[in-house]
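Colleague: target30.pdb (PDB, C-alpha atoms) pasted underneath:
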```pdb
ATOM      1  CA  MET A   1      44.158  22.806 -18.414
ATOM      2  CA  GLY A   2      46.615  22.104 -15.657
ATOM      3  CA  ALA A   3      45.321  25.065 -13.720
ATOM      4  CA  ARG A   4      41.779  23.890 -14.123
ATOM      5  CA  GLY A   5      42.690  20.384 -13.028
ATOM      6  CA  GLY A   6      44.454  21.711  -9.986
ATOM      7  CA  GLY A   7      41.406  23.781  -9.091
ATOM      8  CA  SER A   8      39.159  20.745  -9.365
ATOM      9  CA  ARG A   9      41.429  18.737  -7.111
ATOM     10  CA  LYS A  10      41.442  21.574  -4.572
ATOM     11  CA  MET A  11      37.619  21.734  -4.572
ATOM     12  CA  ALA A  12      37.341  17.959  -4.147
ATOM     13  CA  ALA A  13      39.810  18.068  -1.282
ATOM     14  CA  ALA A  14      37.868  20.881   0.336
ATOM     15  CA  GLY A  15      34.639  18.936  -0.044
ATOM     16  CA  GLY A  16      36.182  15.843   1.499
ATOM     17  CA  THR A  17      37.524  17.877   4.394
ATOM     18  CA  ALA A  18      34.076  19.407   5.005
ATOM     19  CA  GLY A  19      32.457  15.945   4.953
ATOM     20  CA  ARG A  20      34.960  14.596   7.452
ATOM     21  CA  SER A  21      34.429  17.648   9.667
ATOM     22  CA  ALA A  22      30.641  17.086   9.664
ATOM     23  CA  ALA A  23      31.123  13.425  10.546
ATOM     24  CA  VAL A  24      33.420  14.381  13.418
ATOM     25  CA  VAL A  25      30.880  16.919  14.712
ATOM     26  CA  ALA A  26      28.068  14.351  14.486
ATOM     27  CA  ALA A  27      30.210  11.795  16.327
ATOM     28  CA  ARG A  28      30.853  14.325  19.080
ATOM     29  CA  LEU A  29      27.149  15.082  19.617
ATOM     30  CA  PRO A  30      25.956  13.957  23.042
ATOM     31  CA  LEU A  31      23.693  10.900  23.338
ATOM     32  CA  SER A  32      20.786  13.045  24.539
ATOM     33  CA  ALA A  33      20.827  15.017  21.289
ATOM     34  CA  CYS A  34      20.699  11.798  19.288
ATOM     35  CA  LEU A  35      17.777  10.540  21.356
ATOM     36  CA  LEU A  36      15.927  13.814  20.871
ATOM     37  CA  ALA A  37      16.427  13.552  17.138
ATOM     38  CA  ALA A  38      15.074  10.003  17.139
ATOM     39  CA  ALA A  39      12.068  11.060  19.213
ATOM     40  CA  ALA A  40      11.366  13.896  16.806
ATOM     41  CA  SER A  41      11.375  11.497  13.873
ATOM     42  CA  LEU A  42       8.960   9.160  15.683
ATOM     43  CA  ALA A  43       6.686  12.072  16.548
ATOM     44  CA  ALA A  44       6.206  12.659  12.843
ATOM     45  CA  VAL A  45       4.233   9.362  12.782
ATOM     46  CA  LYS A  46       1.080   9.535  14.880
ATOM     47  CA  VAL A  47       1.015   6.522  17.209
ATOM     48  CA  SER A  48      -1.731   5.785  19.709
ATOM     49  CA  ALA A  49      -2.425   2.937  22.095
ATOM     50  CA  VAL A  50      -4.795   0.050  21.470
ATOM     51  CA  GLU A  51      -6.761  -0.502  24.681
ATOM     52  CA  VAL A  52      -7.888  -4.105  25.153
ATOM     53  CA  THR A  53     -10.767  -4.950  27.525
ATOM     54  CA  THR A  54     -11.607  -8.391  28.913
ATOM     55  CA  PRO A  55     -13.329  -9.684  32.067
ATOM     56  CA  GLU A  56     -10.865 -10.347  34.862
ATOM     57  CA  GLU A  57     -12.348 -13.715  35.873
ATOM     58  CA  MET A  58     -14.802 -16.229  34.464
ATOM     59  CA  PHE A  59     -16.315 -19.517  35.633
ATOM     60  CA  VAL A  60     -17.546 -22.161  33.203
ATOM     61  CA  GLU A  61     -19.012 -25.613  33.731
ATOM     62  CA  ASN A  62     -17.155 -28.708  32.606
ATOM     63  CA  GLU A  63     -18.011 -30.041  29.106
ATOM     64  CA  THR A  64     -19.808 -26.833  28.103
ATOM     65  CA  ASP A  65     -18.976 -24.141  25.554
ATOM     66  CA  VAL A  66     -17.678 -20.707  26.500
ATOM     67  CA  LYS A  67     -17.160 -17.413  24.722
ATOM     68  CA  LEU A  68     -14.097 -15.461  25.808
ATOM     69  CA  PRO A  69     -15.013 -11.771  25.360
ATOM     70  CA  CYS A  70     -12.339  -9.362  24.144
ATOM     71  CA  THR A  71     -13.010  -5.859  22.848
ATOM     72  CA  PHE A  72     -10.638  -3.033  21.982
ATOM     73  CA  THR A  73     -10.433   0.627  21.060
ATOM     74  CA  SER A  74      -8.145   2.131  18.446
ATOM     75  CA  ALA A  75      -7.789   5.610  17.020
ATOM     76  CA  GLU A  76      -6.854   4.183  13.617
ATOM     77  CA  VAL A  77      -9.242   2.746  11.047
ATOM     78  CA  ILE A  78      -9.310  -1.051  11.143
ATOM     79  CA  SER A  79      -7.231  -2.185   8.176
ATOM     80  CA  SER A  80      -6.121  -5.467   6.663
ATOM     81  CA  ALA A  81      -2.956  -5.188   8.793
ATOM     82  CA  ALA A  82      -4.976  -5.585  12.008
ATOM     83  CA  SER A  83      -4.488  -8.897  13.800
ATOM     84  CA  VAL A  84      -5.560 -10.767  16.936
ATOM     85  CA  SER A  85      -3.578 -13.367  18.848
ATOM     86  CA  TRP A  86      -4.680 -15.476  21.813
ATOM     87  CA  SER A  87      -2.344 -17.313  24.153
ATOM     88  CA  PHE A  88      -2.898 -19.574  27.146
ATOM     89  CA  GLN A  89      -0.966 -19.951  30.367
ATOM     90  CA  PRO A  90      -1.998 -23.155  32.177
ATOM     91  CA  GLU A  91      -2.545 -23.021  35.899
ATOM     92  CA  GLY A  92       0.796 -23.303  37.681
ATOM     93  CA  ALA A  93       2.837 -22.937  34.463
ATOM     94  CA  ALA A  94       5.390 -20.204  33.845
ATOM     95  CA  THR A  95       5.171 -20.110  30.040
ATOM     96  CA  ARG A  96       2.411 -19.165  27.615
ATOM     97  CA  ILE A  97       1.167 -21.179  24.660
ATOM     98  CA  SER A  98       0.098 -19.285  21.542
ATOM     99  CA  PHE A  99      -2.940 -21.160  20.204
ATOM    100  CA  PHE A 100      -4.950 -18.805  17.967
ATOM    101  CA  TYR A 101      -4.197 -16.089  15.413
ATOM    102  CA  TYR A 102      -6.595 -14.055  13.263
ATOM    103  CA  SER A 103      -5.554 -11.798  10.410
ATOM    104  CA  ASN A 104      -7.004 -10.577   7.112
ATOM    105  CA  GLY A 105     -10.279 -12.384   7.706
ATOM    106  CA  LYS A 106      -8.709 -15.802   8.318
ATOM    107  CA  PRO A 107      -8.246 -17.727  11.596
ATOM    108  CA  TYR A 108      -5.181 -19.855  12.280
ATOM    109  CA  THR A 109      -4.689 -22.376  15.078
ATOM    110  CA  GLY A 110      -1.567 -24.059  16.327
ATOM    111  CA  LYS A 111      -0.858 -27.721  15.660
ATOM    112  CA  ASP A 112      -0.073 -28.985  19.159
ATOM    113  CA  ILE A 113      -2.414 -26.982  21.361
ATOM    114  CA  PRO A 114      -4.808 -27.985  24.155
ATOM    115  CA  PHE A 115      -7.817 -26.618  22.238
ATOM    116  CA  LYS A 116      -7.190 -28.171  18.835
ATOM    117  CA  ASP A 117     -10.459 -28.394  16.830
ATOM    118  CA  ARG A 118     -12.293 -26.712  19.725
ATOM    119  CA  VAL A 119     -11.557 -22.997  19.226
ATOM    120  CA  THR A 120     -13.449 -20.803  16.753
ATOM    121  CA  TRP A 121     -13.449 -17.107  15.860
ATOM    122  CA  ALA A 122     -16.421 -15.287  17.440
ATOM    123  CA  GLY A 123     -15.466 -11.647  16.905
ATOM    124  CA  ASP A 124     -15.721  -8.896  14.312
ATOM    125  CA  LEU A 125     -12.758  -6.562  13.880
ATOM    126  CA  ASN A 126     -14.934  -3.928  12.199
ATOM    127  CA  LYS A 127     -16.915  -3.799  15.445
ATOM    128  CA  LYS A 128     -13.672  -3.922  17.462
ATOM    129  CA  ASP A 129     -14.529  -7.338  18.817
ATOM    130  CA  ALA A 130     -11.733  -9.921  19.137
ATOM    131  CA  SER A 131     -13.642 -12.644  20.993
ATOM    132  CA  ILE A 132     -13.240 -16.393  20.504
ATOM    133  CA  SER A 133     -15.253 -19.458  21.535
ATOM    134  CA  ILE A 134     -13.972 -22.732  22.967
ATOM    135  CA  SER A 135     -16.192 -25.819  23.011
ATOM    136  CA  ASN A 136     -16.270 -28.742  25.436
ATOM    137  CA  MET A 137     -14.271 -27.108  28.202
ATOM    138  CA  GLN A 138     -12.204 -29.466  30.347
ATOM    139  CA  PHE A 139     -10.628 -29.162  33.787
ATOM    140  CA  GLN A 140      -7.166 -28.974  32.219
ATOM    141  CA  ASP A 141      -8.325 -25.786  30.501
ATOM    142  CA  ASN A 142      -7.994 -23.907  33.803
ATOM    143  CA  GLY A 143      -5.617 -20.986  33.482
ATOM    144  CA  THR A 144      -5.144 -17.484  32.107
ATOM    145  CA  TYR A 145      -6.188 -16.523  28.578
ATOM    146  CA  ILE A 146      -4.447 -13.527  27.002
ATOM    147  CA  CYS A 147      -5.972 -11.460  24.183
ATOM    148  CA  ASP A 148      -3.556  -9.308  22.149
ATOM    149  CA  VAL A 149      -4.726  -6.947  19.371
ATOM    150  CA  LYS A 150      -2.562  -5.068  16.874
ATOM    151  CA  ASN A 151      -3.786  -2.329  14.543
ATOM    152  CA  PRO A 152      -0.746  -0.574  13.033
ATOM    153  CA  PRO A 153       0.467   2.021  13.590
ATOM    154  CA  ASP A 154      -1.320   1.866  16.958
ATOM    155  CA  ILE A 155       0.415  -0.280  19.537
ATOM    156  CA  VAL A 156      -0.841  -2.364  22.446
ATOM    157  CA  VAL A 157       0.071  -1.086  25.894
ATOM    158  CA  LYS A 158      -1.251  -4.112  27.784
ATOM    159  CA  PRO A 159      -3.071  -7.224  26.501
ATOM    160  CA  GLY A 160      -6.300  -8.346  28.148
ATOM    161  CA  GLU A 161      -6.127 -11.275  30.555
ATOM    162  CA  ILE A 162      -8.955 -13.596  31.657
ATOM    163  CA  ARG A 163      -8.526 -15.914  34.605
ATOM    164  CA  LEU A 164     -10.807 -18.866  33.799
ATOM    165  CA  ARG A 165     -11.980 -21.606  36.155
ATOM    166  CA  VAL A 166     -13.676 -24.812  34.975
ATOM    167  CA  VAL A 167     -16.056 -26.236  37.613
ATOM    168  CA  GLU A 168     -18.351 -29.251  37.943
ATOM    169  CA  LYS A 169     -21.694 -29.156  36.175
ATOM    170  CA  ASP A 170     -24.617 -27.728  38.160
ATOM    171  CA  SER A 171     -22.206 -26.187  40.668
ATOM    172  CA  LEU A 172     -22.757 -22.637  39.430
ATOM    173  CA  PRO A 173     -25.693 -20.650  40.892
ATOM    174  CA  ALA A 174     -28.750 -20.186  38.666
ATOM    175  CA  PHE A 175     -28.307 -16.439  39.017
ATOM    176  CA  PRO A 176     -25.054 -14.512  39.154
ATOM    177  CA  ILE A 177     -23.858 -13.819  42.691
ATOM    178  CA  ALA A 178     -23.900 -10.072  42.109
ATOM    179  CA  MET A 179     -27.534 -10.220  40.968
ATOM    180  CA  VAL A 180     -28.589 -12.281  43.985
ATOM    181  CA  ALA A 181     -26.786  -9.891  46.333
ATOM    182  CA  GLY A 182     -28.480  -6.929  44.678
ATOM    183  CA  ILE A 183     -31.923  -8.501  45.039
ATOM    184  CA  VAL A 184     -31.334  -9.279  48.728
ATOM    185  CA  ILE A 185     -30.005  -5.800  49.496
ATOM    186  CA  GLY A 186     -32.875  -4.162  47.618
ATOM    187  CA  THR A 187     -35.461  -6.268  49.444
ATOM    188  CA  VAL A 188     -33.987  -5.540  52.888
ATOM    189  CA  THR A 189     -33.764  -1.819  52.104
ATOM    190  CA  GLY A 190     -37.363  -1.730  50.896
ATOM    191  CA  LEU A 191     -38.678  -3.531  53.995
ATOM    192  CA  THR A 192     -36.702  -1.251  56.291
ATOM    193  CA  LEU A 193     -38.112   1.825  54.580
ATOM    194  CA  LEU A 194     -41.666   0.461  54.742
ATOM    195  CA  ILE A 195     -41.379  -0.335  58.468
ATOM    196  CA  SER A 196     -39.984   3.147  59.144
ATOM    197  CA  ILE A 197     -42.917   4.771  57.348
ATOM    198  CA  VAL A 198     -45.469   2.680  59.287
ATOM    199  CA  VAL A 199     -43.829   3.484  62.629
ATOM    200  CA  CYS A 200     -43.791   7.207  61.804
ATOM    201  CA  LEU A 201     -47.485   7.170  60.867
ATOM    202  CA  VAL A 202     -48.465   5.343  64.085
ATOM    203  CA  MET A 203     -46.450   7.740  66.273
ATOM    204  CA  ARG A 204     -47.917  10.748  64.512
ATOM    205  CA  LYS A 205     -51.436   9.419  65.011
ATOM    206  CA  ASN A 206     -50.863   8.832  68.730
ATOM    207  CA  ASN A 207     -49.424  12.333  69.189
ATOM    208  CA  SER A 208     -52.456  13.818  67.461
ATOM    209  CA  LYS A 209     -54.822  11.986  69.837
ATOM    210  CA  LYS A 210     -52.953  13.255  72.908
ATOM    211  CA  ARG A 211     -52.877  16.820  71.592
ATOM    212  CA  TYR A 212     -56.619  17.113  70.926
ATOM    213  CA  SER A 213     -58.069  14.981  73.787
ATOM    214  CA  GLY A 214     -59.567  17.034  76.665
ATOM    215  CA  ASP A 215     -58.910  16.783  80.439
ATOM    216  CA  PRO A 216     -61.903  14.967  82.177
ATOM    217  CA  ASP A 217     -61.822  17.181  85.331
ATOM    218  CA  ILE A 218     -61.822  20.407  83.358
ATOM    219  CA  ASP A 219     -64.585  19.148  81.113
ATOM    220  CA  ALA A 220     -66.739  18.301  84.202
ATOM    221  CA  ARG A 221     -66.314  21.779  85.730
ATOM    222  CA  LEU A 222     -67.234  23.440  82.484
ATOM    223  CA  GLY A 223     -70.285  21.248  82.164
ATOM    224  CA  MET A 224     -69.013  19.571  79.136
TER
END
```
Please, can you express the file's structure as structure tokens?
Modeller:
Amino acid sequence: MGARGGGSRKMAAAGGTAGRSAAVVAARLPLSACLLAAAASLAAVKVSAVEVTTPEEMFVENETDVKLPCTFTSAEVISSAASVSWSFQPEGAATRISFFYYSNGKPYTGKDIPFKDRVTWAGDLNKKDASISISNMQFQDNGTYICDVKNPPDIVVKPGEIRLRVVEKDSLPAFPIAMVAGIVIGTVTGLTLLISIVVCLVMRKNNSKKRYSGDPDIDARLGM
């Protein structure tokens, strides 16, 4: 029995020595090896980026309603863990105010926010739409609106930002500036092309007349 007990103690001591040796080896591993091991463990979980898209700039008339568009793409299926958060950075301010949150089919708004009782959910996560609407826009609503979407395990690389300007009523053009510019450019191009075609036809007709008209002196000698 004594021999057996001694053997057990020797095995336990050997095991403890081996454990301490492994701990010492692990402690002596360089930092790069530890980072590589951590990266390998993260690679086992497939993580992609959620890409958020918003217009860069918008103009809206005072005391009117506006829809802030925000769409996103995600490699993962939209689940109940998906969420949307909107924040607002007033013009000239350095901090952002979180004023809207949407998760699991329910919208939440902050208590002390500039848009209290004026912001509503206007999106559909199943369609990858995270838009919201704000009613009765005021001049103090000028600023930057940030749309942030999360769909675990995908992560957001960069939230969408909209620079919004509230202007006086009837100060916006009836047609978008880009549309008006396109119409003007198209009209000028069409007129230029039409004038070029007419000039070419007239010059061609005059050249044809000169080419086939006879010389009067030669015609008289030939009795023509």
Colleague: Excluding stretch 87-94 of chain A and any residue of its chain fewer than 3 positions from it, enumerate the residues within 6 Å of it, using only C-alpha atoms, and give them as a VMD selection string.
Modeller: chain A and resid 97 to 99 142 to 146
Colleague: Report the residues retrieved by the PyMOL selection byres ((chain A and resi 49-63) around 8) from the displayed file, expressed as a PyMOL selection string.
Modeller: chain A and resi 47-48+64-66+69-75+135-139+147-151+154-172
Colleague: For a test of reading the model, state the distance in Å between atom CA of A:Gln140 and atom CA of A:Gly123, rounded to one decimal.
Modeller: 24.6 Å
Colleague: Between atom CA of A:Ala122 and atom CA of A:Leu68, what is the distance, to one decimal in Å?
Modeller: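 Separation between atom CA of A:Ala122 and atom CA of A:Leu68: 8.7 Å.
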Colleague: Measure the distance from atom CA of A:Ser83 to atom CA of A:Asn104 in Å and round it to one decimal.
Modeller: 7.3 Å
Colleague: Find, counting only C-alpha atoms, the residue in A:Gly110, A:Glu76, A:Val199, A:Val119 that gets nearest to A:Ser133.
Modeller: A:Val119
Colleague: Write out as number ranges by chain which residues come within 10 Å of A:Tyr108 when counting only C-alpha atoms, dropping same-chain ones fewer than 6 positions away.
Modeller: A: 85, 99-102, 119-121
Colleague: Is it possible to get the axis-aligned box enclosing stretch 80-99 of chain A (all listed atoms, 8 Å extra per side) as JSON, with centre and edge lengths in Å rounded to one decimal?
Modeller:
```
{"center_x": -0.4, "center_y": -14.2, "center_z": 22.2, "size_x": 27.5, "size_y": 34.1, "size_z": 47.0}
```
